[in-house]
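Visitor: File data-v1.pdb below, PDB, C-alpha atoms:
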ATOM      1  CA  MET Q   1      11.752  10.200   7.892  1.00  0.00           C
ATOM      2  CA  ARG Q   2       8.381   9.933   9.607  1.00  0.00           C
ATOM      3  CA  PHE Q   3       7.466   6.732   7.791  1.00  0.00           C
ATOM      4  CA  ARG Q   4       9.771   3.784   7.279  1.00  0.00           C
ATOM      5  CA  PHE Q   5       9.909   0.078   6.540  1.00  0.00           C
ATOM      6  CA  THR Q   6      11.629  -2.732   8.382  1.00  0.00           C
ATOM      7  CA  GLN Q   7      12.232  -6.356   7.430  1.00  0.00           C
ATOM      8  CA  THR Q   8      12.686  -7.381  11.054  1.00  0.00           C
ATOM      9  CA  VAL Q   9      10.642  -7.086  14.257  1.00  0.00           C
ATOM     10  CA  ILE Q  10       9.468  -3.508  14.881  1.00  0.00           C
ATOM     11  CA  ASP Q  11      11.420  -2.076  17.819  1.00  0.00           C
ATOM     12  CA  THR Q  12       8.612  -0.197  19.564  1.00  0.00           C
ATOM     13  CA  GLU Q  13      10.760   0.914  22.509  1.00  0.00           C
ATOM     14  CA  ARG Q  14      13.191   2.641  20.206  1.00  0.00           C
ATOM     15  CA  ALA Q  15      10.373   4.129  18.121  1.00  0.00           C
ATOM     16  CA  ARG Q  16       8.648   5.424  21.242  1.00  0.00           C
ATOM     17  CA  ARG Q  17      11.846   7.162  22.385  1.00  0.00           C
ATOM     18  CA  GLU Q  18      11.913   9.055  19.069  1.00  0.00           C
ATOM     19  CA  LEU Q  19       8.610  10.686  20.062  1.00  0.00           C
ATOM     20  CA  GLN Q  20       9.591  11.766  23.567  1.00  0.00           C
ATOM     21  CA  ASP Q  21       9.316  15.450  24.224  1.00  0.00           C
ATOM     22  CA  LEU Q  22       9.179  17.345  27.522  1.00  0.00           C
ATOM     23  CA  GLY Q  23       6.241  19.326  26.152  1.00  0.00           C
ATOM     24  CA  SER Q  24       4.205  16.162  25.647  1.00  0.00           C
ATOM     25  CA  GLY Q  25       1.863  14.947  28.327  1.00  0.00           C
ATOM     26  CA  GLY Q  26       1.463  11.556  26.763  1.00  0.00           C
ATOM     27  CA  TYR Q  27       1.647   9.360  23.728  1.00  0.00           C
ATOM     28  CA  VAL Q  28      -0.766   7.112  21.850  1.00  0.00           C
ATOM     29  CA  SER Q  29       0.257   4.132  19.754  1.00  0.00           C
ATOM     30  CA  PHE Q  30      -1.469   1.654  17.475  1.00  0.00           C
ATOM     31  CA  GLU Q  31      -0.135  -1.801  16.668  1.00  0.00           C
ATOM     32  CA  GLY Q  32      -1.549  -3.829  13.788  1.00  0.00           C
ATOM     33  CA  TRP Q  33      -1.130  -7.594  14.317  1.00  0.00           C
ATOM     34  CA  VAL Q  34      -1.411 -10.576  12.006  1.00  0.00           C
ATOM     35  CA  ARG Q  35      -4.804 -12.167  12.682  1.00  0.00           C
ATOM     36  CA  ASP Q  36      -5.600 -15.867  12.261  1.00  0.00           C
ATOM     37  CA  GLN Q  37      -8.640 -15.332  10.055  1.00  0.00           C
ATOM     38  CA  ASN Q  38     -10.015 -13.032   7.375  1.00  0.00           C
ATOM     39  CA  GLU Q  39     -13.411 -13.140   5.669  1.00  0.00           C
ATOM     40  CA  GLY Q  40     -14.130 -16.643   6.893  1.00  0.00           C
ATOM     41  CA  GLN Q  41     -10.774 -18.130   5.893  1.00  0.00           C
ATOM     42  CA  GLU Q  42      -8.222 -19.462   8.355  1.00  0.00           C
ATOM     43  CA  VAL Q  43      -4.989 -17.556   7.813  1.00  0.00           C
ATOM     44  CA  THR Q  44      -1.662 -19.257   8.555  1.00  0.00           C
ATOM     45  CA  ARG Q  45       0.806 -16.496   7.619  1.00  0.00           C
ATOM     46  CA  LEU Q  46       1.103 -13.257   5.662  1.00  0.00           C
ATOM     47  CA  GLU Q  47       3.516 -11.681   3.245  1.00  0.00           C
ATOM     48  CA  TYR Q  48       3.794  -7.920   2.908  1.00  0.00           C
ATOM     49  CA  GLU Q  49       5.313  -6.336  -0.161  1.00  0.00           C
ATOM     50  CA  ALA Q  50       5.762  -2.613  -0.848  1.00  0.00           C
ATOM     51  CA  PHE Q  51       6.716  -0.294  -3.683  1.00  0.00           C
ATOM     52  CA  GLN Q  52       9.103   1.269  -1.228  1.00  0.00           C
ATOM     53  CA  GLU Q  53      10.298   4.297  -3.205  1.00  0.00           C
ATOM     54  CA  LEU Q  54       6.780   5.664  -3.506  1.00  0.00           C
ATOM     55  CA  ALA Q  55       5.474   4.181  -0.242  1.00  0.00           C
ATOM     56  CA  VAL Q  56       7.932   6.081   1.941  1.00  0.00           C
ATOM     57  CA  LYS Q  57       7.042   9.328   0.149  1.00  0.00           C
ATOM     58  CA  GLU Q  58       3.292   8.784   0.518  1.00  0.00           C
ATOM     59  CA  GLY Q  59       3.671   7.569   4.120  1.00  0.00           C
ATOM     60  CA  ASP Q  60       5.754  10.614   4.984  1.00  0.00           C
ATOM     61  CA  ARG Q  61       3.118  12.881   3.396  1.00  0.00           C
ATOM     62  CA  ILE Q  62       0.404  11.248   5.528  1.00  0.00           C
ATOM     63  CA  VAL Q  63       2.313  11.822   8.765  1.00  0.00           C
ATOM     64  CA  ALA Q  64       3.074  15.407   7.687  1.00  0.00           C
ATOM     65  CA  GLU Q  65      -0.660  15.938   7.047  1.00  0.00           C
ATOM     66  CA  ALA Q  66      -1.450  14.597  10.530  1.00  0.00           C
ATOM     67  CA  LEU Q  67       1.035  17.046  12.067  1.00  0.00           C
ATOM     68  CA  LEU Q  68      -0.697  19.912  10.233  1.00  0.00           C
ATOM     69  CA  ARG Q  69      -4.256  18.788  10.989  1.00  0.00           C
ATOM     70  CA  PHE Q  70      -3.825  17.993  14.672  1.00  0.00           C
ATOM     71  CA  PRO Q  71      -1.859  19.964  17.288  1.00  0.00           C
ATOM     72  CA  VAL Q  72       0.479  17.092  18.167  1.00  0.00           C
ATOM     73  CA  LYS Q  73       4.240  17.126  18.788  1.00  0.00           C
ATOM     74  CA  HIS Q  74       5.658  14.133  16.952  1.00  0.00           C
ATOM     75  CA  ALA Q  75       4.391  11.217  14.915  1.00  0.00           C
ATOM     76  CA  LEU Q  76       5.974   8.176  13.325  1.00  0.00           C
ATOM     77  CA  CYS Q  77       4.794   5.099  11.425  1.00  0.00           C
ATOM     78  CA  ILE Q  78       6.788   1.918  10.842  1.00  0.00           C
ATOM     79  CA  HIS Q  79       5.557  -0.872   8.550  1.00  0.00           C
ATOM     80  CA  ARG Q  80       6.982  -4.360   8.327  1.00  0.00           C
ATOM     81  CA  VAL Q  81       7.598  -6.111   4.988  1.00  0.00           C
ATOM     82  CA  GLY Q  82       8.391  -9.756   4.248  1.00  0.00           C
ATOM     83  CA  SER Q  83       6.888 -12.920   5.703  1.00  0.00           C
ATOM     84  CA  LEU Q  84       5.046 -12.611   9.031  1.00  0.00           C
ATOM     85  CA  GLN Q  85       3.688 -15.241  11.406  1.00  0.00           C
ATOM     86  CA  LEU Q  86       0.379 -15.047  13.258  1.00  0.00           C
ATOM     87  CA  GLY Q  87       0.462 -12.554  16.116  1.00  0.00           C
ATOM     88  CA  GLU Q  88       3.417 -10.598  14.757  1.00  0.00           C
ATOM     89  CA  MET Q  89       3.226  -6.832  14.457  1.00  0.00           C
ATOM     90  CA  ALA Q  90       2.766  -5.609  10.894  1.00  0.00           C
ATOM     91  CA  VAL Q  91       2.501  -1.876  11.546  1.00  0.00           C
ATOM     92  CA  TRP Q  92       3.120   0.582  14.365  1.00  0.00           C
ATOM     93  CA  VAL Q  93       1.945   4.188  14.660  1.00  0.00           C
ATOM     94  CA  GLY Q  94       2.952   6.485  17.517  1.00  0.00           C
ATOM     95  CA  VAL Q  95       1.976  10.066  18.301  1.00  0.00           C
ATOM     96  CA  SER Q  96       3.089  12.284  21.189  1.00  0.00           C
ATOM     97  CA  SER Q  97       1.160  15.341  22.203  1.00  0.00           C
ATOM     98  CA  ALA Q  98       0.524  17.868  24.950  1.00  0.00           C
ATOM     99  CA  HIS Q  99      -2.985  16.453  25.412  1.00  0.00           C
ATOM    100  CA  ARG Q 100      -4.418  13.017  24.731  1.00  0.00           C
ATOM    101  CA  GLY Q 101      -7.415  13.858  22.547  1.00  0.00           C
ATOM    102  CA  GLU Q 102      -5.480  15.037  19.529  1.00  0.00           C
ATOM    103  CA  ALA Q 103      -2.969  12.196  19.922  1.00  0.00           C
ATOM    104  CA  PHE Q 104      -5.774   9.632  19.574  1.00  0.00           C
ATOM    105  CA  ASP Q 105      -7.219  11.511  16.593  1.00  0.00           C
ATOM    106  CA  ALA Q 106      -3.877  11.844  14.808  1.00  0.00           C
ATOM    107  CA  CYS Q 107      -3.021   8.180  15.407  1.00  0.00           C
ATOM    108  CA  ARG Q 108      -6.363   7.077  13.946  1.00  0.00           C
ATOM    109  CA  PHE Q 109      -5.937   9.390  10.961  1.00  0.00           C
ATOM    110  CA  ILE Q 110      -2.483   8.025  10.175  1.00  0.00           C
ATOM    111  CA  ILE Q 111      -3.395   4.336  10.293  1.00  0.00           C
ATOM    112  CA  ASP Q 112      -6.582   4.881   8.265  1.00  0.00           C
ATOM    113  CA  GLU Q 113      -4.759   6.839   5.543  1.00  0.00           C
ATOM    114  CA  VAL Q 114      -1.839   4.405   5.438  1.00  0.00           C
ATOM    115  CA  LYS Q 115      -4.236   1.514   4.822  1.00  0.00           C
ATOM    116  CA  HIS Q 116      -5.859   3.303   1.894  1.00  0.00           C
ATOM    117  CA  ARG Q 117      -3.045   5.241   0.216  1.00  0.00           C
ATOM    118  CA  VAL Q 118       0.351   3.637   0.688  1.00  0.00           C
ATOM    119  CA  PRO Q 119       1.404   1.083  -1.962  1.00  0.00           C
ATOM    120  CA  ILE Q 120       1.728  -1.948   0.310  1.00  0.00           C
ATOM    121  CA  TRP Q 121       0.203  -5.334  -0.507  1.00  0.00           C
ATOM    122  CA  LYS Q 122      -0.667  -8.260   1.685  1.00  0.00           C
ATOM    123  CA  LYS Q 123      -0.774 -11.864   0.570  1.00  0.00           C
ATOM    124  CA  GLU Q 124      -2.645 -14.205   2.871  1.00  0.00           C
ATOM    125  CA  HIS Q 125      -1.821 -17.894   3.044  1.00  0.00           C
ATOM    126  CA  TYR Q 126      -4.737 -20.054   4.188  1.00  0.00           C
ATOM    127  CA  ARG Q 127      -5.029 -23.345   6.044  1.00  0.00           C
ATOM    128  CA  SER Q 128      -6.709 -24.759   2.900  1.00  0.00           C
ATOM    129  CA  GLY Q 129      -3.411 -24.332   1.038  1.00  0.00           C
ATOM    130  CA  ASP Q 130      -4.864 -21.488  -1.021  1.00  0.00           C
ATOM    131  CA  SER Q 131      -3.486 -17.957  -0.968  1.00  0.00           C
ATOM    132  CA  GLY Q 132      -4.548 -14.548  -2.185  1.00  0.00           C
ATOM    133  CA  TRP Q 133      -3.650 -10.864  -2.427  1.00  0.00           C
ATOM    134  CA  VAL Q 134      -6.056  -8.985  -0.175  1.00  0.00           C
ATOM    135  CA  ASN Q 135      -8.399  -6.599  -2.074  1.00  0.00           C
ATOM    136  CA  CYS Q 136      -7.087  -7.826  -5.447  1.00  0.00           C
ATOM    137  CA  GLU Q 137      -8.509 -11.279  -6.034  1.00  0.00           C
ATOM    138  CA  ARG Q 138     -12.201 -10.999  -5.276  1.00  0.00           C
ATOM    139  CA  CYS Q 139     -13.194  -8.591  -8.043  1.00  0.00           C
ATOM    140  CA  ALA Q 140     -10.447  -9.657 -10.373  1.00  0.00           C
ATOM    141  CA  ALA Q 141     -12.296 -12.484 -12.095  1.00  0.00           C
ATOM    142  CA  GLU Q 142     -15.214 -10.287 -13.070  1.00  0.00           C
ATOM    143  CA  PRO Q 143     -14.035  -6.723 -13.484  1.00  0.00           C
ATOM    144  CA  GLN Q 144     -17.257  -5.782 -15.307  1.00  0.00           C
ATOM    145  CA  HIS Q 145     -19.369  -7.082 -12.425  1.00  0.00           C
ATOM    146  CA  SER Q 146     -21.591  -4.595 -10.632  1.00  0.00           C
ATOM    147  CA  HIS Q 147     -19.421  -3.147  -7.913  1.00  0.00           C
ATOM    148  CA  ALA Q 148     -22.417  -2.227  -5.820  1.00  0.00           C
ATOM    149  CA  GLU Q 149     -22.802  -5.877  -4.901  1.00  0.00           C
ATOM    150  CA  HIS Q 150     -19.445  -5.980  -3.204  1.00  0.00           C
ATOM    151  CA  ARG Q 151     -19.295  -5.223   0.455  1.00  0.00           C
ATOM    152  CA  HIS Q 152     -15.563  -5.091  -0.024  1.00  0.00           C
ATOM    153  CA  ARG Q 153     -15.034  -1.377  -0.343  1.00  0.00           C
ATOM    154  CA  ALA Q 154     -11.340  -1.486  -1.038  1.00  0.00           C
ATOM    155  CA  ALA Q 155     -11.768  -3.904  -3.920  1.00  0.00           C
ATOM    156  CA  SER Q 156     -14.715  -2.175  -5.540  1.00  0.00           C
ATOM    157  CA  ASN Q 157     -13.199   1.267  -5.553  1.00  0.00           C
ATOM    158  CA  PRO Q 158      -9.890   1.254  -3.770  1.00  0.00           C
ATOM    159  CA  TRP Q 159      -9.075   4.904  -4.341  1.00  0.00           C
ATOM    160  CA  GLU Q 160     -12.242   6.644  -3.291  1.00  0.00           C
ATOM    161  CA  PRO Q 161     -11.633   8.989  -0.349  1.00  0.00           C
ATOM    162  CA  VAL Q 162     -12.577   7.704   3.101  1.00  0.00           C
TER     163      VAL Q 162
ATOM    164  CA  MET G   1       7.544   6.083 -32.562  1.00  0.00           C
ATOM    165  CA  GLN G   2       8.958   3.521 -30.159  1.00  0.00           C
ATOM    166  CA  LEU G   3       9.890   4.446 -26.598  1.00  0.00           C
ATOM    167  CA  LYS G   4      12.043   2.471 -24.226  1.00  0.00           C
ATOM    168  CA  ILE G   5      10.205   2.233 -20.898  1.00  0.00           C
ATOM    169  CA  LYS G   6      11.037   0.422 -17.675  1.00  0.00           C
ATOM    170  CA  VAL G   7       8.112  -1.363 -16.038  1.00  0.00           C
ATOM    171  CA  GLN G   8       8.235  -2.689 -12.477  1.00  0.00           C
ATOM    172  CA  TYR G   9       5.669  -5.139 -11.129  1.00  0.00           C
ATOM    173  CA  TYR G  10       4.525  -5.744  -7.581  1.00  0.00           C
ATOM    174  CA  ALA G  11       2.265  -8.228  -5.793  1.00  0.00           C
ATOM    175  CA  LEU G  12      -0.495  -9.674  -8.012  1.00  0.00           C
ATOM    176  CA  MET G  13       0.881  -7.856 -11.067  1.00  0.00           C
ATOM    177  CA  ARG G  14       4.332  -9.400 -10.487  1.00  0.00           C
ATOM    178  CA  GLU G  15       2.853 -12.880 -10.268  1.00  0.00           C
ATOM    179  CA  GLN G  16       0.721 -12.431 -13.368  1.00  0.00           C
ATOM    180  CA  ALA G  17       3.557 -10.899 -15.410  1.00  0.00           C
ATOM    181  CA  GLY G  18       5.964 -13.569 -14.124  1.00  0.00           C
ATOM    182  CA  ARG G  19       8.686 -10.967 -13.525  1.00  0.00           C
ATOM    183  CA  SER G  20       9.423  -8.056 -11.237  1.00  0.00           C
ATOM    184  CA  GLU G  21      10.670  -5.696 -13.929  1.00  0.00           C
ATOM    185  CA  GLU G  22      11.470  -5.381 -17.581  1.00  0.00           C
ATOM    186  CA  SER G  23      12.572  -2.883 -20.182  1.00  0.00           C
ATOM    187  CA  ILE G  24      10.251  -2.678 -23.160  1.00  0.00           C
ATOM    188  CA  GLU G  25      10.087  -0.922 -26.494  1.00  0.00           C
ATOM    189  CA  THR G  26       6.574   0.338 -26.908  1.00  0.00           C
ATOM    190  CA  SER G  27       4.484   2.503 -29.180  1.00  0.00           C
ATOM    191  CA  SER G  28       2.093   3.247 -26.302  1.00  0.00           C
ATOM    192  CA  VAL G  29       1.761   6.970 -25.748  1.00  0.00           C
ATOM    193  CA  THR G  30       0.231   7.006 -22.254  1.00  0.00           C
ATOM    194  CA  PRO G  31       0.297   4.722 -19.184  1.00  0.00           C
ATOM    195  CA  ALA G  32      -3.305   3.785 -20.060  1.00  0.00           C
ATOM    196  CA  ASP G  33      -2.217   2.545 -23.523  1.00  0.00           C
ATOM    197  CA  LEU G  34       0.705   0.728 -21.951  1.00  0.00           C
ATOM    198  CA  TYR G  35      -1.561  -1.041 -19.470  1.00  0.00           C
ATOM    199  CA  GLY G  36      -3.780  -2.190 -22.335  1.00  0.00           C
ATOM    200  CA  GLU G  37      -0.760  -3.509 -24.224  1.00  0.00           C
ATOM    201  CA  LEU G  38       0.664  -5.380 -21.229  1.00  0.00           C
ATOM    202  CA  ALA G  39      -2.725  -6.673 -20.056  1.00  0.00           C
ATOM    203  CA  ALA G  40      -3.142  -8.277 -23.491  1.00  0.00           C
ATOM    204  CA  ARG G  41       0.341  -9.777 -23.268  1.00  0.00           C
ATOM    205  CA  TYR G  42       0.120 -11.138 -19.706  1.00  0.00           C
ATOM    206  CA  GLY G  43      -3.613 -11.571 -19.158  1.00  0.00           C
ATOM    207  CA  PHE G  44      -3.842  -9.236 -16.176  1.00  0.00           C
ATOM    208  CA  THR G  45      -7.120  -9.861 -14.366  1.00  0.00           C
ATOM    209  CA  LEU G  46      -7.543  -6.378 -12.880  1.00  0.00           C
ATOM    210  CA  ALA G  47      -9.356  -3.704 -14.871  1.00  0.00           C
ATOM    211  CA  ARG G  48      -7.458  -0.454 -15.247  1.00  0.00           C
ATOM    212  CA  GLU G  49     -10.172   1.298 -13.233  1.00  0.00           C
ATOM    213  CA  GLN G  50      -9.081  -0.754 -10.215  1.00  0.00           C
ATOM    214  CA  LEU G  51      -5.494   0.461 -10.422  1.00  0.00           C
ATOM    215  CA  ARG G  52      -3.450   3.585 -10.004  1.00  0.00           C
ATOM    216  CA  VAL G  53      -0.260   4.258 -11.876  1.00  0.00           C
ATOM    217  CA  ALA G  54       3.082   5.728 -10.870  1.00  0.00           C
ATOM    218  CA  VAL G  55       5.655   7.209 -13.232  1.00  0.00           C
ATOM    219  CA  ASN G  56       9.182   7.767 -11.919  1.00  0.00           C
ATOM    220  CA  SER G  57       8.108   6.906  -8.357  1.00  0.00           C
ATOM    221  CA  GLU G  58       5.248   9.393  -8.149  1.00  0.00           C
ATOM    222  CA  PHE G  59       1.508   8.922  -8.682  1.00  0.00           C
ATOM    223  CA  SER G  60       0.563   9.928 -12.201  1.00  0.00           C
ATOM    224  CA  ASP G  61      -2.374  10.534 -14.498  1.00  0.00           C
ATOM    225  CA  TRP G  62      -3.256   7.711 -16.849  1.00  0.00           C
ATOM    226  CA  SER G  63      -3.252  10.234 -19.714  1.00  0.00           C
ATOM    227  CA  ARG G  64       0.249  11.626 -19.166  1.00  0.00           C
ATOM    228  CA  ARG G  65       2.560  11.375 -22.201  1.00  0.00           C
ATOM    229  CA  LEU G  66       5.276   8.820 -21.590  1.00  0.00           C
ATOM    230  CA  ALA G  67       8.889   9.820 -22.243  1.00  0.00           C
ATOM    231  CA  ALA G  68      11.870   7.627 -23.074  1.00  0.00           C
ATOM    232  CA  GLY G  69      13.406   6.173 -19.926  1.00  0.00           C
ATOM    233  CA  ASP G  70      10.289   6.567 -17.761  1.00  0.00           C
ATOM    234  CA  ALA G  71       9.795   3.971 -15.039  1.00  0.00           C
ATOM    235  CA  VAL G  72       6.161   2.848 -14.777  1.00  0.00           C
ATOM    236  CA  VAL G  73       4.483   0.932 -11.939  1.00  0.00           C
ATOM    237  CA  PHE G  74       0.873  -0.255 -12.033  1.00  0.00           C
ATOM    238  CA  ILE G  75      -0.524  -0.165  -8.505  1.00  0.00           C
ATOM    239  CA  PRO G  76      -3.227  -2.711  -7.661  1.00  0.00           C
ATOM    240  CA  PRO G  77      -5.579  -2.110  -4.689  1.00  0.00           C
ATOM    241  CA  VAL G  78      -3.433  -1.652  -1.605  1.00  0.00           C
ATOM    242  CA  ALA G  79      -3.732  -3.505   1.717  1.00  0.00           C
ATOM    243  CA  GLY G  80      -1.245  -2.131   4.199  1.00  0.00           C
ATOM    244  CA  GLY G  81      -1.723  -2.283   7.962  1.00  0.00           C
TER     245      GLY G  81
END
Re-express the file's structure as structure tokens.

Guide:
Amino acid sequence: MRFRFTQTVIDTERARRELQDLGSGGYVSFEGWVRDQNEGQEVTRLEYEAFQELAVKEGDRIVAEALLRFPVKHALCIHRVGSLQLGEMAVWVGVSSAHRGEAFDACRFIIDEVKHRVPIWKKEHYRSGDSGWVNCERCAAEPQHSHAEHRHRAASNPWEPV
Amino acid sequence: MQLKIKVQYYALMREQAGRSEESIETSSVTPADLYGELAARYGFTLAREQLRVAVNSEFSDWSRRLAAGDAVVFIPPVAGG
């Protein structure tokens, strides 16, 4: 499996070892962390929820696409689910490769595609006591509203290709 | 004709439906019809155009013909990472 979920802290040392290869001259990783604010609201914690049966299939397809598109050796993505505190790691992507350029490119490709295609949802809890599902609440009240007015790309047309 | 379909709900859909899954008898023929039926029942706030749909754990067309025993998931805008 080149994409998996965990309910506990992502073990990056172990994940990194899975990518080691004597033919690789290096490895690139990306860590996504829980930030304390989003769109002007103070965030206190996050919850991630996934439709895991489909998410692991789609995540695995994304990593397989990266391995076809870029001449890299190994790639892996791990996503956390459950309740996360500020500063915790929500997602990790790692790519090993003979040369660094394609490792950076493949890593970027994987995280960008995962954000747009994999059925994972994020609920933000705010200092105000309010909470909301990211990309779902803003347009929800007025689905007939002109989408052009939204700067929020994911909410206006979540499935359009990047 | 009535079909027995399993529907699973996630995230905003789960909160608005007030359940994470259910088995329903429906006369809906396609996932699009089924979404209309359930949106009327639960007052879903998202328009169908904002969603994708999965049948039996794979992305599907809204116009596919549902079969007895299918498992349907409506997928609101995602926000991984």

Visitor: Would you translate the PyMOL selection byres ((chain G and resi 78) around 6) into the concrete set of residues it matches in this file, as a PyMOL selection string?

Guide: (chain Q and resi 119-121) or (chain G and resi 77+79)

Visitor: Would you kindly report the residues of chain G within 10 Å of chain Q, using only C-alpha atoms, as a PDB file with C-alpha atoms, keeping the file's coordinate frame?

Guide:
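For reference, selection.pdb as written:
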ATOM      1  CA  GLN G   8       8.235  -2.689 -12.477  1.00  0.00           C
ATOM      2  CA  TYR G   9       5.669  -5.139 -11.129  1.00  0.00           C
ATOM      3  CA  TYR G  10       4.525  -5.744  -7.581  1.00  0.00           C
ATOM      4  CA  ALA G  11       2.265  -8.228  -5.793  1.00  0.00           C
ATOM      5  CA  LEU G  12      -0.495  -9.674  -8.012  1.00  0.00           C
ATOM      6  CA  MET G  13       0.881  -7.856 -11.067  1.00  0.00           C
ATOM      7  CA  PHE G  44      -3.842  -9.236 -16.176  1.00  0.00           C
ATOM      8  CA  THR G  45      -7.120  -9.861 -14.366  1.00  0.00           C
ATOM      9  CA  LEU G  46      -7.543  -6.378 -12.880  1.00  0.00           C
ATOM     10  CA  ALA G  47      -9.356  -3.704 -14.871  1.00  0.00           C
ATOM     11  CA  ARG G  48      -7.458  -0.454 -15.247  1.00  0.00           C
ATOM     12  CA  GLU G  49     -10.172   1.298 -13.233  1.00  0.00           C
ATOM     13  CA  GLN G  50      -9.081  -0.754 -10.215  1.00  0.00           C
ATOM     14  CA  LEU G  51      -5.494   0.461 -10.422  1.00  0.00           C
ATOM     15  CA  ARG G  52      -3.450   3.585 -10.004  1.00  0.00           C
ATOM     16  CA  ALA G  54       3.082   5.728 -10.870  1.00  0.00           C
ATOM     17  CA  VAL G  55       5.655   7.209 -13.232  1.00  0.00           C
ATOM     18  CA  ASN G  56       9.182   7.767 -11.919  1.00  0.00           C
ATOM     19  CA  SER G  57       8.108   6.906  -8.357  1.00  0.00           C
ATOM     20  CA  GLU G  58       5.248   9.393  -8.149  1.00  0.00           C
ATOM     21  CA  PHE G  59       1.508   8.922  -8.682  1.00  0.00           C
ATOM     22  CA  VAL G  73       4.483   0.932 -11.939  1.00  0.00           C
ATOM     23  CA  ILE G  75      -0.524  -0.165  -8.505  1.00  0.00           C
ATOM     24  CA  PRO G  76      -3.227  -2.711  -7.661  1.00  0.00           C
ATOM     25  CA  PRO G  77      -5.579  -2.110  -4.689  1.00  0.00           C
ATOM     26  CA  VAL G  78      -3.433  -1.652  -1.605  1.00  0.00           C
ATOM     27  CA  ALA G  79      -3.732  -3.505   1.717  1.00  0.00           C
ATOM     28  CA  GLY G  80      -1.245  -2.131   4.199  1.00  0.00           C
ATOM     29  CA  GLY G  81      -1.723  -2.283   7.962  1.00  0.00           C
TER      30      GLY G  81
END

Visitor: Which polymer residues have any atom within 10 Å of an atom of region 97-109 of chain Q, counting all atoms listed in the file, with same-chain residues fewer than 6 positions away left out, as a ChimeraX atom specification?

Guide: /Q:19-30,62-63,65-77

Visitor: Which residues, named as in the file, does the PyMOL selection byres ((chain G and resi 6) around 6) pick out? Answer as a compact mmCIF listing (two decimals) with C-alpha atoms, keeping the file's coordinate frame.

Guide:
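Final file, expr.txt:
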# COMPACT_ATOMS: atom_id res chain seq x y z
CA ILE G 5 10.20 2.23 -20.90
CA VAL G 7 8.11 -1.36 -16.04
CA GLU G 22 11.47 -5.38 -17.58
CA SER G 23 12.57 -2.88 -20.18
CA ALA G 71 9.80 3.97 -15.04

Visitor: So how far away is CA of Glu124 (chain Q) from CA of Arg14 (chain G), in Å?

Guide: 15.8 Å

Visitor: Find, counting all atoms listed in the file, the residue in G:Ala40, G:Phe74, G:Ala68, G:Asp61 that gets nearest to Ser27 (chain G).

Guide: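 For Ser27 (chain G), the nearest of the given residues is G:Ala68.
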
Visitor: Write out as a PDB file with C-alpha atoms, in the coordinates of the input which residues come within 9 Å of Arg64 (chain G) when counting all atoms listed in the file, dropping same-chain ones fewer than 3 positions away.

Guide:
ATOM      1  CA  VAL G  29       1.761   6.970 -25.748  1.00  0.00           C
ATOM      2  CA  THR G  30       0.231   7.006 -22.254  1.00  0.00           C
ATOM      3  CA  PRO G  31       0.297   4.722 -19.184  1.00  0.00           C
ATOM      4  CA  ALA G  32      -3.305   3.785 -20.060  1.00  0.00           C
ATOM      5  CA  SER G  60       0.563   9.928 -12.201  1.00  0.00           C
ATOM      6  CA  ASP G  61      -2.374  10.534 -14.498  1.00  0.00           C
TER       7      ASP G  61
END

Visitor: What is the CA of Gln2 (chain G)-CA of Arg41 (chain G) distance in Å, reported with one decimal?

Guide: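 These two atoms are separated by 17.3 Å.
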
Visitor: Name the residues that the PyMOL selection byres ((chain Q and resi 1) around 9) picks from the file above, as a PyMOL selection string, using the file's chain letters and numbers.

Guide: chain Q and resi 2-4+56+60+76

Visitor: Kindly provide, as JSON, the centre and edge lengths (Å, one decimal) of an axis-aligned box around all atoms of region 70-76 of chain G given in the file, with 5 Å on each side.

Guide:
{"center_x": 3.5, "center_y": 1.9, "center_z": -12.7, "size_x": 23.5, "size_y": 19.3, "size_z": 20.1}

Visitor: What is the distance between CA of Lys4 (chain G) and CA of Ala67 (chain G), in Å to one decimal?

Guide: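 That distance, rounded to one decimal, is 8.2 Å.
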
Visitor: Given the choices Q:Gly94, Q:Asp130, Q:Glu39, Q:His125, which gets closest to Thr12 (chain Q) if the distance is worked out from only C-alpha atoms?

Guide: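 Among the listed residues, the smallest separation from Thr12 (chain Q) belongs to Q:Gly94.
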
Visitor: Starting from the sparse input, extend region 110-117 of chain Q to N, CA and C atoms and give the output as a PDB file, keeping the file's coordinate frame.

Guide:
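Generated file (out30.pdb):
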ATOM      1  N   ILE Q 110      -3.660   8.595  10.859  1.00  0.00           N
ATOM      2  CA  ILE Q 110      -2.483   8.025  10.175  1.00  0.00           C
ATOM      3  C   ILE Q 110      -2.731   6.574   9.770  1.00  0.00           C
ATOM      4  N   ILE Q 111      -3.226   5.746  10.666  1.00  0.00           N
ATOM      5  CA  ILE Q 111      -3.395   4.336  10.293  1.00  0.00           C
ATOM      6  C   ILE Q 111      -4.467   4.187   9.207  1.00  0.00           C
ATOM      7  N   ASP Q 112      -5.530   4.974   9.288  1.00  0.00           N
ATOM      8  CA  ASP Q 112      -6.582   4.881   8.265  1.00  0.00           C
ATOM      9  C   ASP Q 112      -6.049   5.287   6.883  1.00  0.00           C
ATOM     10  N   GLU Q 113      -5.291   6.370   6.830  1.00  0.00           N
ATOM     11  CA  GLU Q 113      -4.759   6.839   5.543  1.00  0.00           C
ATOM     12  C   GLU Q 113      -3.710   5.874   4.995  1.00  0.00           C
ATOM     13  N   VAL Q 114      -2.877   5.350   5.885  1.00  0.00           N
ATOM     14  CA  VAL Q 114      -1.839   4.405   5.438  1.00  0.00           C
ATOM     15  C   VAL Q 114      -2.488   3.193   4.770  1.00  0.00           C
ATOM     16  N   LYS Q 115      -3.561   2.693   5.374  1.00  0.00           N
ATOM     17  CA  LYS Q 115      -4.236   1.514   4.822  1.00  0.00           C
ATOM     18  C   LYS Q 115      -4.799   1.785   3.424  1.00  0.00           C
ATOM     19  N   HIS Q 116      -5.203   3.016   3.171  1.00  0.00           N
ATOM     20  CA  HIS Q 116      -5.859   3.303   1.894  1.00  0.00           C
ATOM     21  C   HIS Q 116      -4.957   3.886   0.819  1.00  0.00           C
ATOM     22  N   ARG Q 117      -3.838   4.474   1.199  1.00  0.00           N
ATOM     23  CA  ARG Q 117      -3.045   5.241   0.216  1.00  0.00           C
ATOM     24  C   ARG Q 117      -1.654   4.724  -0.083  1.00  0.00           C
TER      25      ARG Q 117
END
